[in-house]
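> Sharing run_36.txt here; it has compact mmCIF, C-alpha atoms.
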# COMPACT_ATOMS: atom_id res chain seq x y z
CA MET A 29 0.00 0.00 0.00
CA THR A 30 1.57 3.29 -1.11
CA VAL A 31 0.99 6.85 0.02
CA THR A 32 -0.39 7.66 -3.42
CA GLU A 33 -3.14 5.12 -2.79
CA LEU A 34 -3.73 6.55 0.65
CA ALA A 35 -3.67 10.21 -0.29
CA GLY A 36 -7.45 10.36 -0.49
CA ALA A 37 -7.93 9.44 3.13
CA ALA A 38 -9.33 12.44 5.03
CA VAL A 39 -8.35 13.33 8.58
CA SER A 40 -10.53 15.34 10.91
CA ALA A 41 -9.20 18.42 12.62
CA ALA A 42 -9.59 16.58 15.92
CA ALA A 43 -7.17 13.90 14.75
CA LEU A 44 -4.59 16.58 14.07
CA CYS A 45 -4.79 17.75 17.67
CA VAL A 46 -2.59 14.83 18.79
CA LEU A 47 0.33 16.39 16.94
CA THR A 48 3.01 17.62 19.34
CA VAL A 49 5.15 20.25 17.64
CA LEU A 50 8.69 20.20 18.95
CA PRO A 51 11.61 22.42 17.96
CA GLY A 52 13.60 20.89 15.13
CA ALA A 53 17.34 20.37 15.07
CA ALA A 54 19.49 22.70 13.01
CA HIS A 55 20.51 21.27 9.66
CA ALA A 56 23.64 21.99 7.71
CA GLU A 57 23.17 22.44 3.99
CA ALA A 58 24.58 19.43 2.17
CA GLN A 59 24.36 17.56 -1.10
CA PRO A 60 23.20 13.93 -1.49
CA ILE A 61 25.92 11.32 -1.50
CA SER A 62 26.96 9.63 -4.71
CA GLY A 63 25.72 6.10 -5.40
CA LEU A 64 22.22 4.77 -5.89
CA LEU A 65 20.32 2.64 -3.42
CA GLY A 66 20.11 -0.95 -4.48
CA GLY A 67 18.53 -4.15 -3.31
CA PRO A 68 15.06 -5.60 -3.49
CA SER A 69 13.24 -2.30 -2.84
CA THR A 70 14.80 -0.13 -5.55
CA THR A 71 11.43 0.85 -7.01
CA GLN A 72 8.12 1.89 -5.47
CA THR A 73 5.16 1.20 -7.76
CA SER A 74 1.69 2.77 -7.58
CA ALA A 75 -1.27 3.05 -9.89
CA GLU A 76 0.04 6.43 -11.06
CA ARG A 77 3.82 6.19 -11.23
CA THR A 78 6.94 4.14 -10.69
CA ILE A 79 9.50 5.98 -8.60
CA GLU A 80 13.17 5.17 -8.89
CA LEU A 81 14.75 5.70 -5.52
CA PRO A 82 17.02 8.74 -5.45
CA LEU A 83 20.27 9.28 -3.65
CA LEU A 84 20.21 9.35 0.10
CA GLY A 85 21.03 12.68 1.72
CA ASP A 86 24.31 13.63 3.28
CA PRO A 87 24.56 12.38 6.89
CA THR A 88 26.04 15.72 7.93
CA GLU A 89 22.51 17.12 7.70
CA ARG A 90 21.73 15.33 10.90
CA THR A 91 23.41 17.55 13.44
CA GLY A 92 21.57 16.42 16.57
CA PRO A 93 23.05 13.83 18.92
CA PRO A 94 22.60 10.22 17.80
CA PRO A 95 20.08 8.18 19.74
CA THR A 96 21.34 6.40 22.78
CA GLY A 97 21.86 2.67 22.69
CA PRO A 98 24.49 -0.02 22.79
CA ALA A 99 27.91 0.77 21.40
CA PRO A 100 28.00 0.68 17.59
CA SER A 101 29.07 -2.49 15.96
CA THR A 102 32.40 -2.14 14.18
CA SER A 103 31.49 -4.81 11.71
CA GLY A 104 28.41 -3.12 10.25
CA THR A 105 26.79 -6.55 10.25
CA PRO A 106 22.99 -6.48 9.92
CA ALA A 107 20.65 -7.84 12.55
CA THR A 108 21.50 -11.27 13.90
CA ALA A 109 19.72 -13.99 11.98
CA PRO A 110 16.93 -15.82 13.79
CA VAL A 111 17.90 -18.88 15.81
CA HIS A 112 17.25 -21.94 13.71
CA ASP A 113 15.10 -23.71 16.25
CA GLU A 114 12.79 -20.70 16.72
CA PRO A 115 9.74 -20.29 14.48
CA THR A 116 10.10 -17.72 11.70
CA ARG A 117 8.17 -14.52 12.33
CA PRO A 118 6.91 -11.99 9.74
CA GLY A 119 9.71 -9.70 8.60
CA ASP A 120 12.57 -11.82 9.88
CA GLY A 121 15.74 -10.80 8.06
CA GLU A 122 14.07 -8.17 5.83
CA ILE A 123 15.89 -5.15 7.31
CA GLY A 124 19.20 -7.03 7.28
CA ALA A 125 18.73 -8.05 3.67
CA ARG A 126 17.97 -4.45 2.63
CA TYR A 127 21.05 -3.16 4.42
CA SER A 128 23.28 -5.85 2.93
CA ALA A 129 22.12 -4.99 -0.60
CA LEU A 130 23.12 -1.33 -0.31
CA PRO A 131 26.25 -0.02 -2.05
CA ARG A 132 29.28 0.45 0.16
CA ALA A 133 29.10 4.27 -0.06
CA VAL A 134 25.49 4.24 1.16
CA LYS A 135 26.34 1.89 4.04
CA ASP A 136 29.16 4.24 5.05
CA ALA A 137 26.73 7.17 5.04
CA ILE A 138 24.17 5.27 7.12
CA GLY A 139 26.78 4.10 9.62
CA ASN A 140 26.73 1.19 12.01
CA PRO A 141 23.70 -0.15 13.89
CA LEU A 142 23.17 1.34 17.35
CA GLY A 143 21.25 -1.57 18.79
CA ASP A 144 19.25 -4.65 18.03
CA GLU A 145 16.26 -4.66 15.74
CA GLU A 146 13.10 -3.57 17.54
CA VAL A 147 10.16 -5.91 16.96
CA GLU A 148 7.09 -4.09 18.26
CA HIS A 149 4.67 -6.68 16.81
CA ASP A 150 4.25 -8.82 13.72
CA SER A 151 3.38 -5.72 11.67
CA LEU A 152 6.19 -3.35 12.71
CA ARG A 153 9.96 -3.66 12.94
CA TRP A 154 12.63 -0.99 12.97
CA ARG A 155 16.35 -0.60 13.58
CA GLU A 156 18.42 2.44 14.48
CA TYR A 157 21.71 3.21 12.71
CA GLU A 158 24.11 6.07 13.31
CA HIS A 159 22.49 8.29 10.66
CA ALA A 160 19.29 6.49 9.64
CA ARG A 161 16.39 4.30 10.67
CA PHE A 162 15.10 1.30 8.76
CA TYR A 163 11.39 0.41 9.04
CA TRP A 164 9.55 -2.71 7.93
CA THR A 165 5.83 -3.46 7.78
CA PRO A 166 4.15 -6.18 5.70
CA ASP A 167 2.33 -3.49 3.65
CA THR A 168 5.27 -1.16 2.99
CA GLY A 169 8.33 -3.43 2.99
CA VAL A 170 11.60 -1.86 4.16
CA HIS A 171 12.21 1.87 3.85
CA ILE A 172 14.87 4.20 5.19
CA VAL A 173 14.46 7.55 7.00
CA PHE A 174 17.61 9.62 6.82
CA GLY A 175 19.37 12.89 7.68
CA GLY A 176 17.40 16.06 8.39
CA ILE A 177 14.12 14.30 7.66
CA LEU A 178 14.96 11.72 10.32
CA ASP A 179 15.72 14.46 12.84
CA ARG A 180 12.26 15.99 12.37
CA PHE A 181 10.58 12.59 12.34
CA VAL A 182 12.12 11.71 15.71
CA ALA A 183 11.41 15.17 17.20
CA LEU A 184 7.71 14.83 16.32
CA GLY A 185 7.40 11.44 18.00
CA ALA A 186 8.61 9.10 15.22
CA HIS A 187 6.30 6.27 14.13
CA ASP A 188 3.98 6.65 17.12
CA VAL A 189 2.89 10.09 15.83
CA VAL A 190 3.93 10.38 12.18
CA GLY A 191 3.62 6.74 11.12
CA VAL A 192 5.92 4.53 9.07
CA PRO A 193 7.72 5.45 5.83
CA THR A 194 6.21 4.25 2.56
CA THR A 195 9.11 5.58 0.45
CA ASP A 196 12.81 6.16 0.84
CA GLU A 197 13.99 9.75 0.47
CA LEU A 198 12.80 11.26 -2.85
CA THR A 199 13.36 14.58 -4.62
CA ASP A 200 10.51 16.75 -5.96
CA ASP A 201 10.50 18.96 -9.07
CA ALA A 202 11.50 22.01 -7.01
CA GLY A 203 14.57 20.30 -5.54
CA ALA A 204 13.28 19.48 -2.05
CA ARG A 205 13.92 16.09 -0.47
CA TYR A 206 11.02 14.28 1.13
CA THR A 207 9.82 10.99 2.59
CA GLU A 208 6.20 9.86 2.61
CA PHE A 209 4.56 8.19 5.62
CA VAL A 210 1.31 6.52 6.61
CA SER A 211 -0.02 6.65 10.15
CA LEU A 212 -0.52 3.74 12.50
CA ASP A 213 -3.72 5.23 13.97
CA GLY A 214 -6.03 2.88 12.09
CA LYS A 215 -7.14 5.74 9.81
CA GLU A 216 -4.27 5.36 7.31
CA THR A 217 -3.51 9.09 7.41
CA ALA A 218 -1.01 10.10 4.73
CA SER A 219 1.77 12.57 5.47
CA ALA A 220 5.21 13.60 4.27
CA ILE A 221 8.24 15.41 5.67
CA TYR A 222 9.88 17.87 3.26
CA PHE A 223 13.41 19.23 3.63
CA THR A 224 15.17 22.16 1.97
CA SER A 225 18.25 23.99 3.18
CA ALA A 226 16.21 27.22 3.28
CA THR A 227 13.17 25.93 5.19
CA GLY A 228 14.49 22.95 7.16
CA ALA A 229 12.36 19.84 7.56
CA HIS A 230 8.61 20.07 8.21
CA LEU A 231 5.63 17.74 8.30
CA LEU A 232 2.62 17.95 5.97
CA ARG A 233 -0.44 15.90 6.91
CA ALA A 234 -3.47 15.05 4.79
CA PRO A 235 -5.74 16.69 3.77
CA ILE A 236 -3.43 19.74 3.77
CA LEU A 237 -0.84 17.59 1.97
CA GLU A 238 -3.37 16.73 -0.74
CA LYS A 239 -4.43 20.39 -1.15
CA TRP A 240 -0.81 21.50 -1.46
CA THR A 241 -0.12 18.86 -4.11
CA GLU A 242 -3.29 19.74 -6.07
CA ASN A 243 -2.21 23.41 -6.12
CA GLY A 244 1.25 22.81 -7.56
CA GLY A 245 3.23 21.75 -4.50
CA GLY A 246 6.61 23.34 -3.92
CA ALA A 247 6.85 24.78 -7.42
CA ALA A 248 3.73 26.94 -6.89
CA LEU A 249 3.33 27.43 -3.12
CA GLY A 250 6.85 26.85 -1.87
CA HIS A 251 7.77 24.30 0.77
CA PRO A 252 6.43 24.10 4.32
CA THR A 253 7.96 26.43 6.89
CA THR A 254 5.89 24.94 9.72
CA ASP A 255 4.68 21.49 10.63
CA THR A 256 0.95 20.82 10.30
CA THR A 257 -0.16 22.57 13.47
CA THR A 258 -3.48 22.62 15.30
CA THR A 259 -5.07 26.08 15.54
CA PRO A 260 -5.39 27.61 19.03
CA ASP A 261 -9.15 26.96 19.09
CA GLU A 262 -8.47 23.29 18.21
CA LEU A 263 -11.07 23.43 15.43
CA GLY A 264 -8.65 23.41 12.50
CA ALA A 265 -5.03 23.11 11.42
CA TYR A 266 -2.59 24.88 9.12
CA ASN A 267 0.77 24.96 7.36
CA HIS A 268 2.65 28.05 6.19
CA PHE A 269 4.76 27.87 3.02
CA SER A 270 7.79 29.64 1.54
CA ARG A 271 6.12 31.12 -1.56
CA PRO A 272 7.27 34.72 -2.10
CA GLY A 273 4.52 36.99 -0.82
CA GLY A 274 3.29 34.32 1.59
CA ALA A 275 1.05 31.27 1.37
CA SER A 276 -0.88 29.17 3.87
CA ILE A 277 -3.27 26.25 3.75
CA TYR A 278 -5.88 26.09 6.50
CA LEU A 279 -7.94 23.06 7.40
CA THR A 280 -11.24 24.49 8.59
CA ARG A 281 -13.71 23.44 11.24
CA ASP A 282 -15.71 21.82 8.41
CA ASN A 283 -12.67 19.69 7.51
CA GLU A 284 -12.08 21.53 4.23
CA ALA A 285 -8.63 22.76 3.20
CA HIS A 286 -8.26 26.20 1.56
CA VAL A 287 -5.28 28.15 0.19
CA VAL A 288 -4.76 31.78 1.30
CA LEU A 289 -2.15 33.84 -0.56
CA GLY A 290 -0.33 37.14 -0.76
CA ALA A 291 -2.05 40.41 0.11
CA ILE A 292 -5.31 38.66 1.05
CA ARG A 293 -3.37 36.45 3.47
CA ASP A 294 -1.61 39.53 4.91
CA LYS A 295 -4.95 41.28 5.50
CA TRP A 296 -6.38 38.16 7.15
CA ALA A 297 -3.29 37.85 9.38
CA GLU A 298 -3.64 41.52 10.32
CA SER A 299 -7.19 40.81 11.49
CA GLY A 300 -6.07 37.96 13.74
CA TRP A 301 -6.19 34.92 11.41
CA GLU A 302 -9.06 32.53 12.21
CA ALA A 303 -9.34 33.94 15.75
CA GLY A 304 -10.29 37.38 14.39
CA PRO A 305 -13.65 38.64 13.10
CA LEU A 306 -13.21 37.05 9.65
CA GLY A 307 -12.99 33.45 10.91
CA TYR A 308 -11.81 30.56 8.71
CA PRO A 309 -11.56 30.67 4.90
CA THR A 310 -14.42 29.01 3.03
CA THR A 311 -12.90 29.39 -0.46
CA ASP A 312 -9.49 29.48 -2.08
CA GLU A 313 -8.42 32.77 -3.64
CA ILE A 314 -10.73 33.46 -6.61
CA THR A 315 -9.98 35.62 -9.65
CA ALA A 316 -12.57 38.36 -10.18
CA ALA A 317 -14.52 38.67 -13.42
CA ASP A 318 -12.35 41.54 -14.65
CA GLY A 319 -9.27 39.32 -14.49
CA ARG A 320 -7.39 41.92 -12.44
CA GLY A 321 -8.49 41.39 -8.87
CA LYS A 322 -8.79 38.55 -6.37
CA TYR A 323 -11.08 37.75 -3.49
CA ALA A 324 -11.68 35.06 -0.88
CA ARG A 325 -14.58 34.32 1.43
CA PHE A 326 -14.47 33.53 5.15
CA ASP A 327 -17.06 32.16 7.59
CA GLY A 328 -17.10 35.33 9.70
CA ASP A 329 -18.58 35.48 13.18
CA GLY A 330 -21.09 32.64 12.80
CA GLU A 331 -23.99 35.00 12.02
CA PHE A 332 -22.57 36.87 9.03
CA ALA A 333 -20.01 35.78 6.46
CA ALA A 334 -16.91 37.83 5.64
CA GLY A 335 -14.62 38.43 2.70
CA ILE A 336 -11.40 40.06 1.52
CA ALA A 337 -11.12 41.58 -1.95
CA TRP A 338 -7.96 42.89 -3.62
CA SER A 339 -7.09 44.76 -6.79
CA PRO A 340 -3.87 46.46 -7.89
CA GLN A 341 -5.57 49.86 -7.59
CA THR A 342 -7.30 49.41 -4.21
CA GLY A 343 -5.17 46.91 -2.31
CA ALA A 344 -6.75 44.33 0.01
CA HIS A 345 -9.70 45.23 2.25
CA SER A 346 -12.10 43.18 4.34
CA VAL A 347 -15.90 43.34 4.28
CA ARG A 348 -18.06 41.66 6.90
CA GLY A 349 -21.29 41.62 8.85
CA ALA A 350 -24.49 43.05 7.39
CA ILE A 351 -22.38 45.17 5.01
CA ILE A 352 -21.05 42.09 3.19
CA ASP A 353 -24.57 40.70 2.86
CA LYS A 354 -25.54 43.88 1.01
CA TYR A 355 -22.26 43.82 -0.97
CA LEU A 356 -22.94 40.27 -2.16
CA GLN A 357 -26.43 41.28 -3.28
CA PHE A 358 -24.58 43.53 -5.73
CA SER A 359 -22.28 40.63 -6.81
CA GLY A 360 -19.31 41.71 -4.72
CA PRO A 361 -16.25 42.91 -6.65
CA ASN A 362 -17.87 41.75 -9.90
CA GLY A 363 -20.84 44.10 -9.50
CA LEU A 364 -21.87 47.75 -9.41
CA LEU A 365 -20.00 48.58 -6.20
CA GLY A 366 -16.61 47.24 -7.32
CA TYR A 367 -13.67 46.63 -4.98
CA PRO A 368 -13.64 47.91 -1.39
CA THR A 369 -11.33 50.86 -0.75
CA THR A 370 -11.63 50.65 3.06
CA ASP A 371 -12.23 47.97 5.64
CA GLU A 372 -15.42 48.23 7.68
CA LEU A 373 -15.15 51.40 9.77
CA THR A 374 -17.13 52.92 12.63
CA ALA A 375 -18.98 56.13 11.75
CA PRO A 376 -17.92 59.30 13.62
CA ASP A 377 -21.22 59.43 15.49
CA GLY A 378 -20.48 55.97 16.92
CA ARG A 379 -23.91 54.70 15.90
CA GLY A 380 -23.19 52.98 12.62
CA LYS A 381 -20.65 51.28 10.36
CA TYR A 382 -19.63 51.83 6.77
CA ALA A 383 -17.29 50.77 3.98
CA HIS A 384 -16.36 52.64 0.81
CA PHE A 385 -16.01 51.02 -2.62
CA ALA A 386 -14.40 51.97 -5.92
CA GLY A 387 -17.70 51.70 -7.79
CA GLY A 388 -17.94 51.61 -11.56
CA ASP A 389 -19.40 53.75 -14.33
CA THR A 390 -21.72 55.48 -11.84
CA GLY A 391 -18.84 56.63 -9.62
CA ALA A 392 -17.69 55.70 -6.12
CA ALA A 393 -20.00 53.83 -3.74
CA SER A 394 -20.55 53.16 -0.05
CA ILE A 395 -22.59 50.90 2.18
CA TYR A 396 -23.77 52.37 5.47
CA TRP A 397 -25.30 50.44 8.36
CA SER A 398 -26.95 51.37 11.64
CA PRO A 399 -29.10 49.32 14.02
CA GLN A 400 -32.13 51.39 13.04
CA THR A 401 -31.65 51.38 9.25
CA GLY A 402 -29.78 48.20 8.38
CA ALA A 403 -27.25 48.16 5.52
CA VAL A 404 -28.01 50.44 2.55
CA GLU A 405 -25.96 51.28 -0.54
CA VAL A 406 -25.31 54.83 -1.78
CA TYR A 407 -23.46 55.62 -5.00
CA GLY A 408 -22.89 58.00 -7.89
CA GLY A 409 -24.16 61.59 -7.86
CA ILE A 410 -26.51 60.98 -4.93
CA ARG A 411 -23.59 59.79 -2.80
CA ALA A 412 -21.54 62.82 -3.86
CA ARG A 413 -24.35 65.17 -2.72
CA TRP A 414 -24.77 63.40 0.62
CA SER A 415 -21.00 63.50 1.17
CA ALA A 416 -20.92 67.24 0.48
CA LEU A 417 -23.63 67.74 3.12
CA GLY A 418 -21.63 65.84 5.77
CA TRP A 419 -22.63 62.18 5.36
CA GLU A 420 -24.66 60.76 8.28
CA ARG A 421 -23.90 63.88 10.37
CA SER A 422 -25.92 65.99 7.94
CA TYR A 423 -29.61 66.75 8.48
CA LEU A 424 -30.43 63.70 6.31
CA GLY A 425 -28.98 61.10 8.70
CA TYR A 426 -28.40 57.51 7.50
CA PRO A 427 -29.81 56.03 4.27
CA VAL A 428 -32.87 53.84 4.78
CA ARG A 429 -33.64 52.83 1.17
CA GLY A 430 -31.15 52.40 -1.64
CA GLU A 431 -31.28 54.13 -4.98
CA HIS A 432 -34.52 53.40 -6.87
CA ASP A 433 -36.54 54.65 -9.81
CA VAL A 434 -38.88 57.62 -9.51
CA PRO A 435 -40.80 59.31 -12.37
CA TRP A 436 -38.16 62.03 -12.82
CA GLY A 437 -35.08 59.83 -12.38
CA ARG A 438 -33.53 58.16 -9.31
CA SER A 439 -33.89 58.71 -5.57
CA THR A 440 -32.35 57.55 -2.28
CA GLU A 441 -34.32 57.88 0.95
CA PHE A 442 -32.60 58.90 4.19
CA GLU A 443 -33.86 59.01 7.77
CA LEU A 444 -34.88 62.67 7.52
CA GLY A 445 -34.98 63.43 3.82
CA TYR A 446 -34.27 62.50 0.21
CA VAL A 447 -31.63 63.03 -2.45
CA ASP A 448 -32.91 62.85 -6.03
CA TRP A 449 -31.14 62.67 -9.36
CA HIS A 450 -33.07 64.20 -12.27
CA ARG A 451 -32.83 62.53 -15.63
CA ASP A 452 -33.25 65.80 -17.49
CA GLY A 453 -30.00 67.68 -17.07
CA GLY A 454 -28.53 65.41 -14.39
CA ARG A 455 -29.42 67.79 -11.54
CA VAL A 456 -29.07 66.39 -7.98
CA ALA A 457 -31.18 67.94 -5.19
CA ASP A 458 -31.77 67.18 -1.51
CA PHE A 459 -34.82 68.05 0.54
CA PRO A 460 -36.21 67.13 4.00
CA LYS A 461 -39.17 64.92 4.66
CA ARG A 462 -42.41 66.89 5.13
Let me see the structure of the file written as structure tokens.


Amino acid sequence: MTVTELAGAAVSAAALCVLTVLPGAAHAEAQPISGLLGGPSTTQTSAERTIELPLLGDPTERTGPPPTGPAPSTSGTPATAPVHDEPTRPGDGEIGARYSALPRAVKDAIGNPLGDEEVEHDSLRWREYEHARFYWTPDTGVHIVFGGILDRFVALGAHDVVGVPTTDELTDDAGARYTEFVSLDGKETASAIYFTSATGAHLLRAPILEKWTENGGGAALGHPTTDTTTTPDELGAYNHFSRPGGASIYLTRDNEAHVVLGAIRDKWAESGWEAGPLGYPTTDEITAADGRGKYARFDGDGEFAAGIAWSPQTGAHSVRGAIIDKYLQFSGPNGLLGYPTTDELTAPDGRGKYAHFAGGDTGAASIYWSPQTGAVEVYGGIRARWSALGWERSYLGYPVRGEHDVPWGRSTEFELGYVDWHRDGGRVADFPKR
């Protein structure tokens, strides 16, 4: 059973809460050793690909102290063969045979065994060497965890937390080295540890791992700069990545993974990530209809949704609460109101909220909200007249009904009056309610 076959297995956010994030060891930048792995496990076959095992990494990557154990054997002899009068158990001799089949240069890089083979049960065996660990299960065969990846694997709790390797160390298209794992939790959770000299070694768990792969992996999003980490509210999980401009994938409370990028990610972080008023993302970043801007939606405060929209002209701004409900009625950044030019702000009188928008052919726009009036849009010449009078501090107060047709043109109703636009000549006039 390969990780490719297991990649579809979902993991709940609660399952990720068992992850204990420990500080990783420092890793020296190094190149893989020369010489290919050999022996009976030189290829890993799945329904999608056949992977030729790459070079193992340089043992100097592993800078932490070697695990404690009996003094190393000077002979480099594999595990002692089973006693002839004892019954043969599953996996007997498999780790030794894999080690014996390796080229001399690889054996030298791996070093001598530090103790006897550990047989935890008939489905799991492992053995510690100076710079590597060998693992065997009946489903995966024998695979090797090495160098900086091994350091992180051990720091995170090794097979008890991460699982067992289903590949040796591989190299992705962006030059990172990685090893794939499958958990022993009965849920067959797929994961991988990726290592680069710039980012160090970090763990990616499914379904964040799957989302990252679907969105171009290291070539598009960069490599992980954190392990998969449970959010402070324990309702989700996340990884940050090295993409220039910033990238994150968040697993939400609904067990959906979403990508947050660049300026939208920065605005979300500024608001307090998922702990702030915008909540968790409910979409990936979406390209607006004009092809210039981007936006993403968030689950907000539980009563109202939220969103962040960005364009090169306006930057990134958040919209939330009753104001975003009104904004979405106008098709968000794709509609009449255009991109937001402010976040939601409190009105000077302290009674209401508002956000300004770039608008379109009719000119700039705003949405104003108060407890008494709800959220109402104002735009074009009518908005310009209201602004000149002093906005909500004018005698008109807050808008109560958005722009609508009247026999002579268009009108917007306010708490204490009206502003009309006349079709003939384009005249705009305000007057109080009688």

> What does the structure give for the distance between atom CA of Leu365 of chain A and atom CA of Tyr407 of chain A, in Å to one decimal?

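About the pair atom CA of Leu365 of chain A and atom CA of Tyr407 of chain A: they are 7.9 Å apart.
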
> Closest to Val288 of chain A among A:Lys239, A:Arg379, A:Arg421, A:Arg320, using only C-alpha atoms?

A:Lys239

> Which one of A:Gly380, A:Gly349, A:Gly176, A:Pro193 sits closest to Tyr163 of chain A if you count all atoms listed in the file?

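Of A:Gly380, A:Gly349, A:Gly176, A:Pro193, the one nearest Tyr163 of chain A, counting all atoms listed in the file, is A:Pro193.
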
> Report as JSON, numbers by chain all protein, DNA and RNA residues lying within 12 Å of Pro309 of chain A, evaluated on only C-alpha atoms, omitting residues in the same chain fewer than 2 positions from it.

{"A": [264, 265, 266, 276, 277, 278, 279, 280, 281, 282, 283, 284, 285, 286, 287, 288, 289, 292, 293, 296, 297, 301, 302, 303, 304, 305, 306, 307, 311, 312, 313, 314, 323, 324, 325, 326, 327, 328, 329, 333, 334, 335, 336]}

> Pick the closest to Arg411 of chain A from A:Gly366, A:Pro376, A:Gly445, A:Pro427: which is it, counting all atoms listed in the file?

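Selected residue with least distance to Arg411 of chain A: A:Pro427.
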
> Could you state the separation of atom CA of Ala248 of chain A and atom CA of Ala317 of chain A in Å, given to one decimal place?

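Calculated distance between atom CA of Ala248 of chain A and atom CA of Ala317 of chain A is 22.7 Å.
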
> Please determine, counting only C-alpha atoms, which residue among A:Ala392, A:Leu231, A:Val434, A:Ala247 has the shortest atom-to-atom distance to His268 of chain A.

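Closest to His268 of chain A, using only C-alpha atoms: A:Leu231.
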
> Every residue with an atom at most 8 Å from (6.2, 17.8, 3.3) (file coordinates; only C-alpha atoms) is what I'm after, so could you write them as a list of chain:residue names?

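Output: A:Tyr206, A:Thr207, A:Glu208, A:Ser219, A:Ala220, A:Ile221, A:Tyr222, A:Phe223, A:Ala229, A:His230, A:Leu231, A:Leu232, A:Arg233, A:Leu237, A:His251, A:Pro252.
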
> Kindly add all heavy atoms to the incomplete segment 289-294 of chain A and provide the output as a PDB file, keeping the file's coordinate frame.


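Saved as result_8.pdb:
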ATOM      1  N   LEU A 289      -3.396  33.370   0.041  1.00  0.00           N
ATOM      2  CA  LEU A 289      -2.150  33.840  -0.560  1.00  0.00           C
ATOM      3  C   LEU A 289      -1.962  35.349  -0.410  1.00  0.00           C
ATOM      4  O   LEU A 289      -2.929  36.106  -0.260  1.00  0.00           O
ATOM      5  CB  LEU A 289      -2.144  33.529  -2.065  1.00  0.00           C
ATOM      6  CG  LEU A 289      -2.284  32.076  -2.501  1.00  0.00           C
ATOM      7  CD1 LEU A 289      -2.444  32.009  -4.016  1.00  0.00           C
ATOM      8  CD2 LEU A 289      -1.083  31.269  -2.057  1.00  0.00           C
ATOM      9  N   GLY A 290      -0.708  35.775  -0.507  1.00  0.00           N
ATOM     10  CA  GLY A 290      -0.330  37.140  -0.760  1.00  0.00           C
ATOM     11  C   GLY A 290      -0.991  38.207   0.085  1.00  0.00           C
ATOM     12  O   GLY A 290      -1.089  38.105   1.309  1.00  0.00           O
ATOM     13  N   ALA A 291      -1.482  39.259  -0.588  1.00  0.00           N
ATOM     14  CA  ALA A 291      -2.050  40.410   0.110  1.00  0.00           C
ATOM     15  C   ALA A 291      -3.322  40.042   0.867  1.00  0.00           C
ATOM     16  O   ALA A 291      -3.607  40.614   1.932  1.00  0.00           O
ATOM     17  CB  ALA A 291      -2.339  41.534  -0.890  1.00  0.00           C
ATOM     18  N   ILE A 292      -4.107  39.108   0.337  1.00  0.00           N
ATOM     19  CA  ILE A 292      -5.310  38.660   1.050  1.00  0.00           C
ATOM     20  C   ILE A 292      -4.913  37.952   2.338  1.00  0.00           C
ATOM     21  O   ILE A 292      -5.514  38.172   3.402  1.00  0.00           O
ATOM     22  CB  ILE A 292      -6.167  37.773   0.140  1.00  0.00           C
ATOM     23  CG1 ILE A 292      -6.802  38.635  -0.954  1.00  0.00           C
ATOM     24  CG2 ILE A 292      -7.225  37.008   0.942  1.00  0.00           C
ATOM     25  CD1 ILE A 292      -7.617  37.870  -1.968  1.00  0.00           C
ATOM     26  N   ARG A 293      -3.889  37.124   2.269  1.00  0.00           N
ATOM     27  CA  ARG A 293      -3.370  36.450   3.470  1.00  0.00           C
ATOM     28  C   ARG A 293      -2.863  37.480   4.484  1.00  0.00           C
ATOM     29  O   ARG A 293      -3.107  37.366   5.692  1.00  0.00           O
ATOM     30  CB  ARG A 293      -2.265  35.486   3.079  1.00  0.00           C
ATOM     31  CG  ARG A 293      -1.552  34.790   4.226  1.00  0.00           C
ATOM     32  CD  ARG A 293      -0.446  33.907   3.660  1.00  0.00           C
ATOM     33  NE  ARG A 293       0.282  33.190   4.687  1.00  0.00           N
ATOM     34  CZ  ARG A 293       1.377  33.657   5.294  1.00  0.00           C
ATOM     35  NH1 ARG A 293       1.847  34.864   4.986  1.00  0.00           N
ATOM     36  NH2 ARG A 293       1.997  32.928   6.197  1.00  0.00           N
ATOM     37  N   ASP A 294      -2.132  38.500   4.003  1.00  0.00           N
ATOM     38  CA  ASP A 294      -1.610  39.530   4.910  1.00  0.00           C
ATOM     39  C   ASP A 294      -2.754  40.263   5.630  1.00  0.00           C
ATOM     40  O   ASP A 294      -2.673  40.548   6.826  1.00  0.00           O
ATOM     41  CB  ASP A 294      -0.774  40.548   4.133  1.00  0.00           C
ATOM     42  CG  ASP A 294       0.547  39.968   3.632  1.00  0.00           C
ATOM     43  OD1 ASP A 294       0.956  38.900   4.119  1.00  0.00           O
ATOM     44  OD2 ASP A 294       1.157  40.597   2.748  1.00  0.00           O
TER      45      ASP A 294
END
